[in-house]
>>> print(open('run-v9.cif').read())   # mmCIF, C-alpha atoms
data_model
loop_
_atom_site.label_atom_id
_atom_site.label_comp_id
_atom_site.auth_asym_id
_atom_site.auth_seq_id
_atom_site.Cartn_x
_atom_site.Cartn_y
_atom_site.Cartn_z
CA MET A 1 0.00 0.00 0.00
CA LYS A 2 1.28 3.47 -0.90
CA TRP A 3 2.40 5.56 2.08
CA TYR A 4 -0.11 8.36 1.55
CA ARG A 5 -3.03 5.93 1.80
CA LYS A 6 -2.18 4.92 5.37
CA LEU A 7 -4.45 6.43 8.01
CA HIS A 8 -1.84 8.26 10.06
CA TRP A 9 -0.36 9.88 6.94
CA LYS A 10 -3.82 10.96 5.83
CA ILE A 11 -4.34 12.62 9.21
CA ILE A 12 -0.93 14.34 9.04
CA ILE A 13 -1.73 15.59 5.53
CA GLY A 14 -5.07 16.87 6.82
CA LEU A 15 -3.28 18.74 9.63
CA ILE A 16 -0.82 20.36 7.23
CA LEU A 17 -3.47 21.32 4.67
CA GLY A 18 -5.65 22.74 7.46
CA LEU A 19 -2.70 24.84 8.67
CA LEU A 20 -2.04 26.14 5.16
CA TRP A 21 -5.70 26.90 4.54
CA GLY A 22 -5.98 28.76 7.84
CA LEU A 23 -2.97 30.94 6.97
CA PHE A 24 -4.25 31.54 3.43
CA SER A 25 -7.73 32.34 4.74
CA SER A 26 -6.30 34.93 7.13
CA LEU A 27 -4.18 36.52 4.41
CA VAL A 28 -7.00 36.95 1.88
CA GLY A 29 -9.75 37.75 4.39
CA TRP A 30 -11.73 34.50 4.08
CA ASN A 31 -11.94 33.93 7.82
CA GLN A 32 -15.72 34.15 7.92
CA PHE A 33 -15.99 31.60 5.10
CA THR A 34 -13.76 29.22 7.06
CA ILE A 35 -15.80 29.73 10.23
CA ASP A 36 -19.16 29.30 8.48
CA TYR A 37 -18.42 26.53 5.98
CA ILE A 38 -15.31 24.62 7.10
CA ARG A 39 -15.32 24.67 10.92
CA PRO A 40 -18.72 22.83 11.11
CA PHE A 41 -17.18 19.69 9.58
CA GLY A 42 -14.58 19.62 12.35
CA THR A 43 -17.29 20.16 14.95
CA ILE A 44 -19.35 17.29 13.52
CA PHE A 45 -16.30 14.99 13.58
CA VAL A 46 -15.59 15.74 17.25
CA ASP A 47 -19.28 15.37 18.14
CA LEU A 48 -19.36 11.95 16.50
CA LEU A 49 -16.45 10.81 18.63
CA LYS A 50 -18.04 12.23 21.78
CA LEU A 51 -21.34 10.60 20.84
CA ILE A 52 -19.97 7.09 21.17
CA ALA A 53 -17.61 7.68 24.11
CA VAL A 54 -20.17 7.01 26.88
CA PRO A 55 -21.76 3.87 25.36
CA LEU A 56 -18.29 2.51 24.52
CA VAL A 57 -17.03 2.96 28.09
CA LEU A 58 -20.23 1.56 29.57
CA ALA A 59 -20.38 -1.51 27.32
CA SER A 60 -16.69 -2.42 27.42
CA LEU A 61 -16.31 -1.89 31.16
CA VAL A 62 -19.43 -3.90 32.05
CA VAL A 63 -18.08 -6.80 29.97
CA GLY A 64 -14.62 -6.40 31.48
CA VAL A 65 -15.76 -6.29 35.11
CA SER A 66 -18.29 -9.09 34.75
CA SER A 67 -15.65 -11.35 33.22
CA LEU A 68 -13.23 -10.84 36.13
CA ASN A 69 -15.30 -12.81 38.65
CA ASP A 70 -12.78 -11.65 41.26
CA MET A 71 -13.22 -8.50 43.38
CA THR A 72 -9.60 -8.72 44.56
CA LYS A 73 -8.39 -8.47 40.99
CA LEU A 74 -10.63 -5.48 40.33
CA SER A 75 -9.35 -3.58 43.38
CA ARG A 76 -5.77 -4.44 42.41
CA LEU A 77 -6.31 -3.00 38.93
CA GLY A 78 -7.74 0.19 40.41
CA GLY A 79 -4.87 0.62 42.85
CA LYS A 80 -2.22 0.13 40.19
CA THR A 81 -3.95 2.43 37.73
CA ILE A 82 -4.34 5.40 40.07
CA GLY A 83 -0.91 4.86 41.62
CA ILE A 84 0.93 4.89 38.27
CA TYR A 85 -1.08 7.89 37.04
CA MET A 86 -0.09 9.88 40.16
CA ILE A 87 3.59 8.94 39.84
CA THR A 88 3.80 9.94 36.16
CA THR A 89 2.03 13.22 36.96
CA VAL A 90 4.63 14.11 39.62
CA PHE A 91 7.42 13.34 37.15
CA ALA A 92 5.73 15.50 34.51
CA ILE A 93 5.53 18.51 36.84
CA THR A 94 9.16 18.05 37.94
CA ILE A 95 10.34 17.92 34.33
CA GLY A 96 8.34 21.05 33.51
CA LEU A 97 9.89 22.98 36.40
CA THR A 98 13.39 21.87 35.42
CA VAL A 99 13.00 22.91 31.78
CA VAL A 100 11.44 26.31 32.50
CA ASN A 101 14.16 27.15 35.04
CA VAL A 102 16.88 26.29 32.54
CA ILE A 103 15.37 28.12 29.53
CA GLN A 104 13.81 31.02 31.53
CA PRO A 105 11.39 32.03 28.75
CA GLY A 106 9.64 34.73 30.82
CA LYS A 107 12.69 36.94 30.86
CA THR A 108 12.59 37.30 27.05
CA LEU A 109 9.08 38.81 26.93
CA PRO A 110 9.09 42.57 26.15
CA GLU A 111 7.39 44.87 28.67
CA GLU A 112 5.10 46.44 26.06
CA THR A 113 3.89 42.98 24.98
CA ARG A 114 2.95 42.11 28.57
CA VAL A 115 0.93 45.31 28.99
CA THR A 116 -0.90 44.89 25.67
CA LEU A 117 -1.80 41.25 26.31
CA MET A 118 -2.97 41.93 29.86
CA GLU A 119 -5.39 44.52 28.49
CA SER A 120 -6.50 42.44 25.51
CA TYR A 121 -7.19 39.15 27.29
CA SER A 122 -8.21 40.15 30.81
CA GLU A 123 -11.90 39.65 29.97
CA ASN A 124 -11.19 35.99 29.20
CA LEU A 125 -10.36 35.44 32.86
CA GLU A 126 -13.78 36.55 34.05
CA GLY A 127 -15.27 33.89 36.29
CA ARG A 128 -12.18 31.64 36.22
CA ASP A 129 -10.87 32.97 39.54
CA GLU A 130 -14.21 32.29 41.24
CA ALA A 131 -14.43 28.82 39.70
CA ALA A 132 -10.94 27.97 40.91
CA GLN A 133 -11.70 29.25 44.42
CA ALA A 134 -14.87 27.16 44.54
CA LEU A 135 -12.79 24.12 43.60
CA VAL A 136 -10.23 24.87 46.33
CA ASP A 137 -12.94 25.41 48.97
CA ARG A 138 -14.51 22.01 48.35
CA SER A 139 -14.24 19.22 50.89
CA PRO A 140 -11.13 17.01 50.41
CA LEU A 141 -13.49 14.09 49.86
CA GLN A 142 -15.72 15.93 47.38
CA PHE A 143 -13.90 14.22 44.51
CA PHE A 144 -15.20 10.85 45.73
CA VAL A 145 -18.68 12.27 46.27
CA ASP A 146 -18.73 13.51 42.67
CA ILE A 147 -17.91 10.03 41.36
CA VAL A 148 -21.23 8.65 42.63
CA PRO A 149 -24.11 9.95 40.45
CA GLU A 150 -27.61 10.53 41.73
CA ASN A 151 -29.13 10.02 38.29
CA VAL A 152 -27.98 7.50 35.69
CA ILE A 153 -29.42 9.43 32.75
CA GLN A 154 -27.85 12.70 33.86
CA ALA A 155 -24.46 11.04 34.34
CA ALA A 156 -24.57 9.58 30.82
CA SER A 157 -25.68 12.86 29.28
CA ASP A 158 -22.34 14.64 29.70
CA ASN A 159 -18.88 13.31 28.74
CA ALA A 160 -17.43 15.40 31.57
CA ASN A 161 -19.08 12.88 33.94
CA MET A 162 -17.01 9.97 32.60
CA LEU A 163 -15.92 8.86 36.07
CA GLN A 164 -19.59 8.56 37.01
CA VAL A 165 -20.16 6.38 33.95
CA VAL A 166 -17.18 4.25 35.01
CA PHE A 167 -18.73 3.90 38.48
CA ILE A 168 -22.09 2.88 37.01
CA ALA A 169 -20.43 0.30 34.75
CA ILE A 170 -18.41 -1.18 37.62
CA ILE A 171 -21.49 -1.44 39.86
CA LEU A 172 -23.46 -3.01 37.01
CA GLY A 173 -20.64 -5.47 36.30
CA ILE A 174 -20.41 -6.43 39.98
CA GLY A 175 -24.19 -6.91 40.05
CA ILE A 176 -23.99 -9.26 37.06
CA ILE A 177 -21.30 -11.32 38.82
CA ASN A 178 -23.60 -11.81 41.79
CA ILE A 179 -26.65 -13.17 39.95
CA PRO A 180 -27.09 -16.68 38.49
CA VAL A 181 -24.76 -17.27 35.52
CA GLN A 182 -27.63 -18.08 33.15
CA LYS A 183 -29.29 -14.73 33.75
CA GLY A 184 -26.02 -12.82 33.75
CA GLU A 185 -24.98 -14.20 30.36
CA VAL A 186 -27.94 -12.45 28.71
CA LEU A 187 -26.69 -9.05 29.85
CA ILE A 188 -23.03 -9.89 29.12
CA ASN A 189 -23.89 -10.96 25.57
CA PHE A 190 -25.89 -7.76 25.06
CA PHE A 191 -23.08 -5.46 26.21
CA ASP A 192 -20.50 -7.53 24.33
CA ALA A 193 -22.48 -7.17 21.08
CA LEU A 194 -22.99 -3.44 21.76
CA ASN A 195 -19.25 -3.04 22.25
CA ASP A 196 -18.54 -4.74 18.90
CA VAL A 197 -21.04 -2.48 17.14
CA ILE A 198 -19.47 0.66 18.62
CA ILE A 199 -15.97 -0.45 17.56
CA LYS A 200 -17.27 -0.80 13.99
CA ILE A 201 -18.76 2.69 14.24
CA VAL A 202 -15.34 3.96 15.35
CA ASP A 203 -13.82 2.43 12.21
CA LEU A 204 -16.37 4.25 10.07
CA ILE A 205 -15.84 7.58 11.84
CA MET A 206 -12.07 7.24 11.42
CA LYS A 207 -12.48 7.19 7.65
CA THR A 208 -13.57 10.83 7.94
CA ALA A 209 -10.71 11.74 10.30
CA PRO A 210 -8.47 13.48 7.72
CA TYR A 211 -11.31 15.81 6.71
CA GLY A 212 -12.33 16.50 10.29
CA VAL A 213 -8.74 17.24 11.26
CA PHE A 214 -8.37 19.59 8.28
CA ALA A 215 -11.41 21.57 9.39
CA LEU A 216 -10.30 21.66 13.03
CA MET A 217 -6.80 22.89 12.22
CA ALA A 218 -8.07 25.54 9.78
CA ALA A 219 -10.45 26.85 12.46
CA VAL A 220 -7.66 26.95 15.08
CA ILE A 221 -5.40 29.04 12.83
CA VAL A 222 -8.24 31.43 11.98
CA ASP A 223 -9.09 31.85 15.67
CA LEU A 224 -5.46 32.45 16.54
CA ALA A 225 -4.74 34.88 13.71
CA GLY A 226 -8.04 36.76 13.64
CA ASP A 227 -8.08 39.50 11.05
CA ASP A 228 -4.52 40.63 11.78
CA LEU A 229 -2.08 37.88 10.88
CA THR A 230 0.95 40.14 11.47
CA GLN A 231 -0.07 40.78 15.06
CA ALA A 232 -0.60 37.07 15.66
CA LEU A 233 2.85 36.23 14.26
CA THR A 234 4.42 38.93 16.42
CA LEU A 235 2.76 37.42 19.46
CA LEU A 236 3.97 33.95 18.51
CA ARG A 237 7.54 35.22 18.17
CA ALA A 238 7.32 36.98 21.57
CA LEU A 239 6.11 33.77 23.23
CA ALA A 240 8.29 31.39 21.17
CA TRP A 241 10.60 30.47 24.04
CA TYR A 242 7.63 29.72 26.27
CA CYS A 243 6.22 27.35 23.66
CA VAL A 244 9.66 25.76 23.19
CA ALA A 245 9.95 25.16 26.95
CA VAL A 246 6.54 23.43 27.09
CA ILE A 247 7.19 21.30 24.01
CA ILE A 248 10.69 20.27 25.12
CA GLY A 249 9.27 19.31 28.51
CA LEU A 250 6.52 17.22 26.89
CA LEU A 251 9.02 15.45 24.61
CA ILE A 252 11.34 14.68 27.55
CA HIS A 253 8.40 13.32 29.54
CA VAL A 254 7.26 11.01 26.74
CA THR A 255 10.80 9.85 25.96
CA ILE A 256 12.11 9.29 29.48
CA VAL A 257 9.08 8.57 31.70
CA TYR A 258 7.13 6.35 29.32
CA PHE A 259 10.32 4.62 28.13
CA SER A 260 11.16 3.87 31.77
CA LEU A 261 7.58 2.69 32.35
CA PHE A 262 7.97 0.12 29.57
CA LYS A 263 11.40 -0.91 30.84
CA ILE A 264 9.97 -1.61 34.29
CA PHE A 265 6.68 -3.28 33.33
CA SER A 266 7.06 -4.69 29.81
CA LYS A 267 9.46 -5.36 26.96
CA MET A 268 7.63 -3.08 24.53
CA LYS A 269 9.75 -0.56 22.64
CA LEU A 270 8.68 3.08 22.80
CA ARG A 271 8.98 3.37 19.02
CA ASP A 272 6.61 0.46 18.42
CA PHE A 273 4.22 1.82 21.02
CA LEU A 274 4.06 5.25 19.38
CA LYS A 275 3.62 3.70 15.93
CA ALA A 276 0.72 1.58 17.16
CA ILE A 277 -1.27 4.49 18.60
CA GLN A 278 -0.38 7.22 16.08
CA PRO A 279 -3.99 7.89 15.03
CA ALA A 280 -5.07 8.39 18.67
CA ILE A 281 -2.16 10.78 19.34
CA LEU A 282 -2.93 12.80 16.20
CA LEU A 283 -6.63 12.98 17.09
CA GLY A 284 -5.78 14.07 20.62
CA PHE A 285 -3.63 16.81 19.10
CA SER A 286 -6.30 18.01 16.68
CA THR A 287 -9.32 17.78 19.02
CA SER A 288 -7.64 18.87 22.30
CA SER A 289 -9.94 16.42 24.06
CA SER A 290 -8.93 13.15 25.72
CA ALA A 291 -12.61 12.24 26.09
CA ALA A 292 -13.33 12.76 22.39
CA THR A 293 -10.28 10.66 21.50
CA LEU A 294 -11.17 7.89 23.97
CA PRO A 295 -13.00 5.58 21.50
CA VAL A 296 -10.02 5.61 19.11
CA THR A 297 -7.53 5.20 21.97
CA MET A 298 -9.41 2.14 23.24
CA GLU A 299 -9.55 0.60 19.79
CA ARG A 300 -5.82 1.09 19.13
CA VAL A 301 -4.74 -0.08 22.58
CA GLU A 302 -6.75 -3.30 22.32
CA LYS A 303 -6.25 -4.00 18.63
CA ASN A 304 -2.65 -2.85 18.06
CA LEU A 305 -0.97 -2.96 21.48
CA GLY A 306 -2.59 -6.21 22.58
CA VAL A 307 -3.95 -4.89 25.89
CA ASP A 308 -6.75 -7.08 27.21
CA GLU A 309 -10.19 -5.47 27.08
CA GLU A 310 -10.63 -6.02 30.83
CA VAL A 311 -7.69 -3.66 31.44
CA SER A 312 -8.25 -1.10 28.68
CA SER A 313 -11.94 -0.67 29.50
CA PHE A 314 -11.02 0.32 33.06
CA VAL A 315 -7.66 2.11 32.75
CA LEU A 316 -8.42 4.32 29.75
CA PRO A 317 -11.74 5.89 30.89
CA VAL A 318 -10.18 6.64 34.27
CA GLY A 319 -7.12 8.09 32.54
CA ALA A 320 -9.20 10.29 30.26
CA THR A 321 -10.52 12.07 33.34
CA ILE A 322 -7.77 12.06 35.99
CA ASN A 323 -4.53 11.54 34.02
CA MET A 324 -3.21 14.97 33.05
CA ASP A 325 0.53 14.46 32.58
CA GLY A 326 0.76 16.92 29.69
CA THR A 327 -1.55 19.42 31.36
CA SER A 328 0.27 19.25 34.70
CA LEU A 329 3.65 19.81 33.01
CA TYR A 330 2.14 22.79 31.23
CA GLN A 331 0.87 24.19 34.56
CA ALA A 332 4.39 24.10 35.98
CA VAL A 333 5.98 25.80 32.97
CA ALA A 334 3.20 28.39 32.70
CA ALA A 335 3.29 29.29 36.41
CA VAL A 336 7.05 29.89 36.43
CA PHE A 337 6.91 31.66 33.04
CA ILE A 338 4.27 34.10 34.30
CA ALA A 339 6.27 34.73 37.46
CA GLN A 340 9.42 35.40 35.40
CA ALA A 341 7.52 37.69 33.03
CA LEU A 342 6.21 39.69 36.00
CA GLY A 343 9.69 39.96 37.49
CA MET A 344 9.07 37.51 40.36
CA ASP A 345 11.61 34.88 41.45
CA LEU A 346 10.01 31.74 42.89
CA THR A 347 11.85 30.00 45.73
CA ILE A 348 12.53 26.26 45.85
CA LEU A 349 9.75 25.92 48.45
CA GLN A 350 7.28 27.72 46.16
CA GLN A 351 8.22 25.43 43.28
CA LEU A 352 7.74 22.37 45.48
CA THR A 353 4.33 23.84 46.28
CA ILE A 354 3.63 23.88 42.53
CA VAL A 355 4.40 20.13 42.38
CA LEU A 356 1.96 19.33 45.19
CA THR A 357 -0.77 21.75 44.10
CA ALA A 358 -0.67 20.78 40.42
CA THR A 359 -0.81 17.06 41.30
CA LEU A 360 -3.86 17.52 43.56
CA ALA A 361 -5.52 19.93 41.11
CA SER A 362 -5.17 17.39 38.29
CA ILE A 363 -7.49 15.10 40.28
CA GLY A 364 -9.81 17.73 41.71
CA ALA A 365 -10.39 19.45 38.37
CA ALA A 366 -11.26 16.24 36.54
CA GLY A 367 -14.39 16.77 34.51
CA VAL A 368 -14.49 20.52 35.21
CA PRO A 369 -15.10 22.55 32.00
CA GLY A 370 -11.98 24.58 31.14
CA ALA A 371 -10.00 22.45 33.60
CA GLY A 372 -6.61 23.53 32.21
CA ILE A 373 -7.03 27.23 32.98
CA ILE A 374 -8.81 26.57 36.29
CA MET A 375 -5.95 24.30 37.38
CA LEU A 376 -3.49 27.05 36.48
CA VAL A 377 -5.44 29.59 38.54
CA ILE A 378 -5.21 27.25 41.56
CA VAL A 379 -1.45 26.80 41.07
CA LEU A 380 -0.84 30.54 40.72
CA GLN A 381 -2.86 31.28 43.84
CA ALA A 382 -0.86 28.69 45.78
CA VAL A 383 2.46 30.45 45.02
CA GLN A 384 0.98 33.97 45.22
CA VAL A 385 1.55 34.91 41.57
CA PRO A 386 -1.06 37.35 40.16
CA VAL A 387 -3.79 35.36 38.42
CA GLU A 388 -4.13 38.13 35.82
CA GLY A 389 -0.78 36.92 34.43
CA ILE A 390 -2.65 34.12 32.66
CA ALA A 391 -3.54 36.76 30.08
CA LEU A 392 0.07 36.58 28.89
CA ILE A 393 -0.28 33.04 27.61
CA LEU A 394 -3.87 32.87 26.33
CA GLY A 395 -2.80 33.77 22.79
CA VAL A 396 -0.85 30.52 22.35
CA ASP A 397 -2.79 28.37 24.80
CA ARG A 398 -4.86 26.69 22.09
CA ILE A 399 -1.80 25.33 20.27
CA LEU A 400 -0.17 24.13 23.49
CA ASP A 401 -3.49 22.62 24.57
CA MET A 402 -3.31 20.43 21.48
CA ALA A 403 0.23 19.30 22.34
CA ARG A 404 -0.48 18.55 26.00
CA THR A 405 -3.66 16.63 25.13
CA ALA A 406 -1.64 14.45 22.75
CA VAL A 407 0.68 13.65 25.67
CA ASN A 408 -2.29 12.96 27.96
CA VAL A 409 -3.62 10.45 25.41
CA THR A 410 -0.16 8.88 25.07
CA GLY A 411 0.06 8.60 28.85
CA ASP A 412 -3.33 6.87 29.08
CA ALA A 413 -2.19 4.26 26.57
CA ALA A 414 1.23 3.82 28.20
CA VAL A 415 -0.27 3.19 31.64
CA SER A 416 -2.74 0.68 30.17
CA VAL A 417 0.24 -1.25 28.73
CA ALA A 418 2.06 -1.15 32.08
CA VAL A 419 -0.98 -2.34 34.06
CA ALA A 420 -1.83 -5.06 31.51
CA SER A 421 1.75 -6.35 31.50
CA SER A 422 1.89 -6.44 35.30
CA GLU A 423 -1.33 -8.49 35.30
CA GLY A 424 -0.16 -10.86 32.56
CA MET A 425 -2.88 -9.51 30.26
CA LEU A 426 -0.73 -8.01 27.49
CA GLY A 427 -0.72 -9.70 24.10
CA SER A 428 1.55 -9.11 21.14
CA LEU A 429 1.83 -6.00 19.00
CA HIS A 430 -0.19 -5.96 15.79
CA PHE A 431 -0.01 -3.59 12.85
CA ASP A 432 -2.60 -3.62 10.09
CA ASP A 433 -1.59 -3.17 6.49
CA ASP A 434 -3.21 0.27 6.45
CA GLU A 435 -1.13 1.41 9.42
#
>>> encode(input="run-v9.cif", output="structure tokens")
Amino acid sequence: MKWYRKLHWKIIIGLILGLLWGLFSSLVGWNQFTIDYIRPFGTIFVDLLKLIAVPLVLASLVVGVSSLNDMTKLSRLGGKTIGIYMITTVFAITIGLTVVNVIQPGKTLPEETRVTLMESYSENLEGRDEAAQALVDRSPLQFFVDIVPENVIQAASDNANMLQVVFIAIILGIGIINIPVQKGEVLINFFDALNDVIIKIVDLIMKTAPYGVFALMAAVIVDLAGDDLTQALTLLRALAWYCVAVIIGLLIHVTIVYFSLFKIFSKMKLRDFLKAIQPAILLGFSTSSSAATLPVTMERVEKNLGVDEEVSSFVLPVGATINMDGTSLYQAVAAVFIAQALGMDLTILQQLTIVLTATLASIGAAGVPGAGIIMLVIVLQAVQVPVEGIALILGVDRILDMARTAVNVTGDAAVSVAVASSEGMLGSLHFDDDE
């Protein structure tokens, strides 16, 4: 098969063409055309992925839990999953702090740029401070309270409630285990068939991925550039070192932390791992949503990486909500960058506070709309850096959001491999001809 007919190359081509169209659209003044007639196709693509996320998690997890027939094994899976996610998050934050202190991107930002951006973007912070404070003021156990839904329909109506869906699926699976086998098989067969149907739907949706990615990227560039491309490029140049610091940190995290994870738990090579889940990484990058990418991530992890469905159906939905390696690293870099830009020097103790606060915020903010910015507000408040400084980075946040989501998706898949290998539930790698 020719290289350009493979799925991941089609998606990459779509990304590049979307970038070029967005730049061309901004230059010739076709932004409104792009917004009205191209962006909707990207929105539809993302909505299709979100549409099947909840039924996929529900069906696959019910089948997975009901097939365990062992509560000890289920609790062991949960402990390993959350434990590894927390460890990788701490490493991500530490790497981010190290990189930003070495590069010191905040000290390269011109004074006039800071003033202009603070004035231009301050309205975007409206309500974020209050939302972050509300999150901080919650009970320490509120996270666990939020996991238990009071209404099944309401929980399934919003992808932000994915942990509630996971809880429902686990309870349902446990209930099936505790009824006569003959009756339980009816439900298991139903959810198993539903899971197979959804996987086929994922395959169909993925055929439209290159076009959806094209539309999404074109819309991102138009939003970033607005009607003044020169001003946008000037802003990008002013914040270039900040972007470089975040991206270098993300690359180091993927290369070192996930490589080490495979060395400890499995014999899988990082290169093979990345090749197997390329479409999921690219979709995470283009959609900026781990939840929207979840159906594709689950398919690739089971089909290409050989992770048993019992593991993937539990680890990945949990990861899509509480695993924020890329986002936590970004919080660390952004907090120190803003402090540097405002002429503040953070002490070692303050930076250790960032590690603790960002780790806890990554759990507490799970499922909260706009979690990335709200998490950053919490971190800044913890080290007494003016929250208004977030205005300095909003111009490039969308692009970096894409990069950190790609790392979040990669982390979800990596942890699923580690947990599966530790449980003896990891098969062999498999690459289709179209991959």
>>> residues_around(input="run-v9.cif", residues="Ser60 (chain A)", least_positions_apart="5", cutoff="9 Å", atoms="all atoms listed in the file", output="PDB file with C-alpha atoms, in the coordinates of the input")
ATOM      1  CA  PRO A  55     -21.760   3.870  25.360  1.00  0.00           C
ATOM      2  CA  VAL A  65     -15.760  -6.290  35.110  1.00  0.00           C
ATOM      3  CA  ALA A 169     -20.430   0.300  34.750  1.00  0.00           C
ATOM      4  CA  PHE A 191     -23.080  -5.460  26.210  1.00  0.00           C
ATOM      5  CA  ASP A 192     -20.500  -7.530  24.330  1.00  0.00           C
ATOM      6  CA  LEU A 194     -22.990  -3.440  21.760  1.00  0.00           C
ATOM      7  CA  ASN A 195     -19.250  -3.040  22.250  1.00  0.00           C
ATOM      8  CA  GLU A 309     -10.190  -5.470  27.080  1.00  0.00           C
ATOM      9  CA  GLU A 310     -10.630  -6.020  30.830  1.00  0.00           C
ATOM     10  CA  SER A 312      -8.250  -1.100  28.680  1.00  0.00           C
ATOM     11  CA  SER A 313     -11.940  -0.670  29.500  1.00  0.00           C
ATOM     12  CA  PHE A 314     -11.020   0.320  33.060  1.00  0.00           C
TER      13      PHE A 314
END
>>> residues_near_point(input="run-v9.cif", point="(-0.3, -1.4, 32.9)", cutoff="12 Å", atoms="only C-alpha atoms", output="ChimeraX atom specification")
/A:76-85,258,261-266,268,301,305-308,310-312,314-316,319,411-426
>>> resolve_selection(input="run-v9.cif", expression="the PyMOL selection byres ((chain A and resi 170) around 12)", output="MDAnalysis selection string")
chainID A and resid 57:68 71 74:75 78 147:148 163:169 171:177 310 313:314 317:318
>>> atom_distance(input="run-v9.cif", atom1="CA of Pro40 (chain A)", atom2="CA of Met217 (chain A)")
12.0 Å
>>> closest_residue(input="run-v9.cif", among="A:Ser428, A:Asn161, A:Gln154, A:Ser290", to="Asp272 (chain A)", atoms="all atoms listed in the file")
A:Ser428
>>> resolve_selection(input="run-v9.cif", expression="the PyMOL selection byres ((chain A and resi 329) around 12)", output="PyMOL selection string")
chain A and resi 88-100+245-254+323-328+330-336+354-355+358-359+362+372+375-376+379+400-401+403-405+407-408
>>> atom_distance(input="run-v9.cif", atom1="CA of Leu7 (chain A)", atom2="CA of Arg271 (chain A)")
17.6 Å
>>> closest_residue(input="run-v9.cif", among="A:Val54, A:Ala218, A:Ile188, A:Ile199", to="Ile38 (chain A)", atoms="only C-alpha atoms")
A:Ala218
>>> closest_residue(input="run-v9.cif", among="A:Phe190, A:Ser289, A:Leu239, A:Lys107", to="Ala339 (chain A)", atoms="all atoms listed in the file")
A:Lys107
>>> axis_aligned_box(input="run-v9.cif", around="region 47-60 of chain A", padding_each_side="6 Å", output="AutoDock Vina command-line options")
--center_x -19.1 --center_y 6.5 --center_z 23.0 --size_x 17.3 --size_y 29.8 --size_z 25.1
>>> atom_distance(input="run-v9.cif", atom1="CA of Ser286 (chain A)", atom2="CA of Ala53 (chain A)")
17.0 Å
>>> resolve_selection(input="run-v9.cif", expression="the PyMOL selection byres ((chain A and resi 19-23) around 10)", output="PyMOL selection string")
chain A and resi 13-18+24-31+34+214-225+229
>>> write_last_selection(input="run-v9.cif", atoms="C-alpha atoms", output="short mmCIF file (atom, residue, chain, number, x, y, z; two decimals), keeping the file's coordinate frame")
data_model
loop_
_atom_site.label_atom_id
_atom_site.label_comp_id
_atom_site.auth_asym_id
_atom_site.auth_seq_id
_atom_site.Cartn_x
_atom_site.Cartn_y
_atom_site.Cartn_z
CA ILE A 13 -1.73 15.59 5.53
CA GLY A 14 -5.07 16.87 6.82
CA LEU A 15 -3.28 18.74 9.63
CA ILE A 16 -0.82 20.36 7.23
CA LEU A 17 -3.47 21.32 4.67
CA GLY A 18 -5.65 22.74 7.46
CA PHE A 24 -4.25 31.54 3.43
CA SER A 25 -7.73 32.34 4.74
CA SER A 26 -6.30 34.93 7.13
CA LEU A 27 -4.18 36.52 4.41
CA VAL A 28 -7.00 36.95 1.88
CA GLY A 29 -9.75 37.75 4.39
CA TRP A 30 -11.73 34.50 4.08
CA ASN A 31 -11.94 33.93 7.82
CA THR A 34 -13.76 29.22 7.06
CA PHE A 214 -8.37 19.59 8.28
CA ALA A 215 -11.41 21.57 9.39
CA LEU A 216 -10.30 21.66 13.03
CA MET A 217 -6.80 22.89 12.22
CA ALA A 218 -8.07 25.54 9.78
CA ALA A 219 -10.45 26.85 12.46
CA VAL A 220 -7.66 26.95 15.08
CA ILE A 221 -5.40 29.04 12.83
CA VAL A 222 -8.24 31.43 11.98
CA ASP A 223 -9.09 31.85 15.67
CA LEU A 224 -5.46 32.45 16.54
CA ALA A 225 -4.74 34.88 13.71
CA LEU A 229 -2.08 37.88 10.88
#
>>> closest_residue(input="run-v9.cif", among="A:Thr347, A:Asn189, A:Thr108, A:Thr357", to="Tyr242 (chain A)", atoms="all atoms listed in the file")
A:Thr108
>>> residues_around(input="run-v9.cif", residues="Ile205 (chain A)", least_positions_apart="2", cutoff="10 Å", atoms="all atoms listed in the file", output="PyMOL selection string")
chain A and resi 45-46+48-49+199-203+207-209+212+296
>>> residues_near_point(input="run-v9.cif", point="(11.3, 34.2, 34.4)", cutoff="8 Å", atoms="all atoms listed in the file", output="VMD selection string")
chain A and resid 101 104 to 107 336 to 345
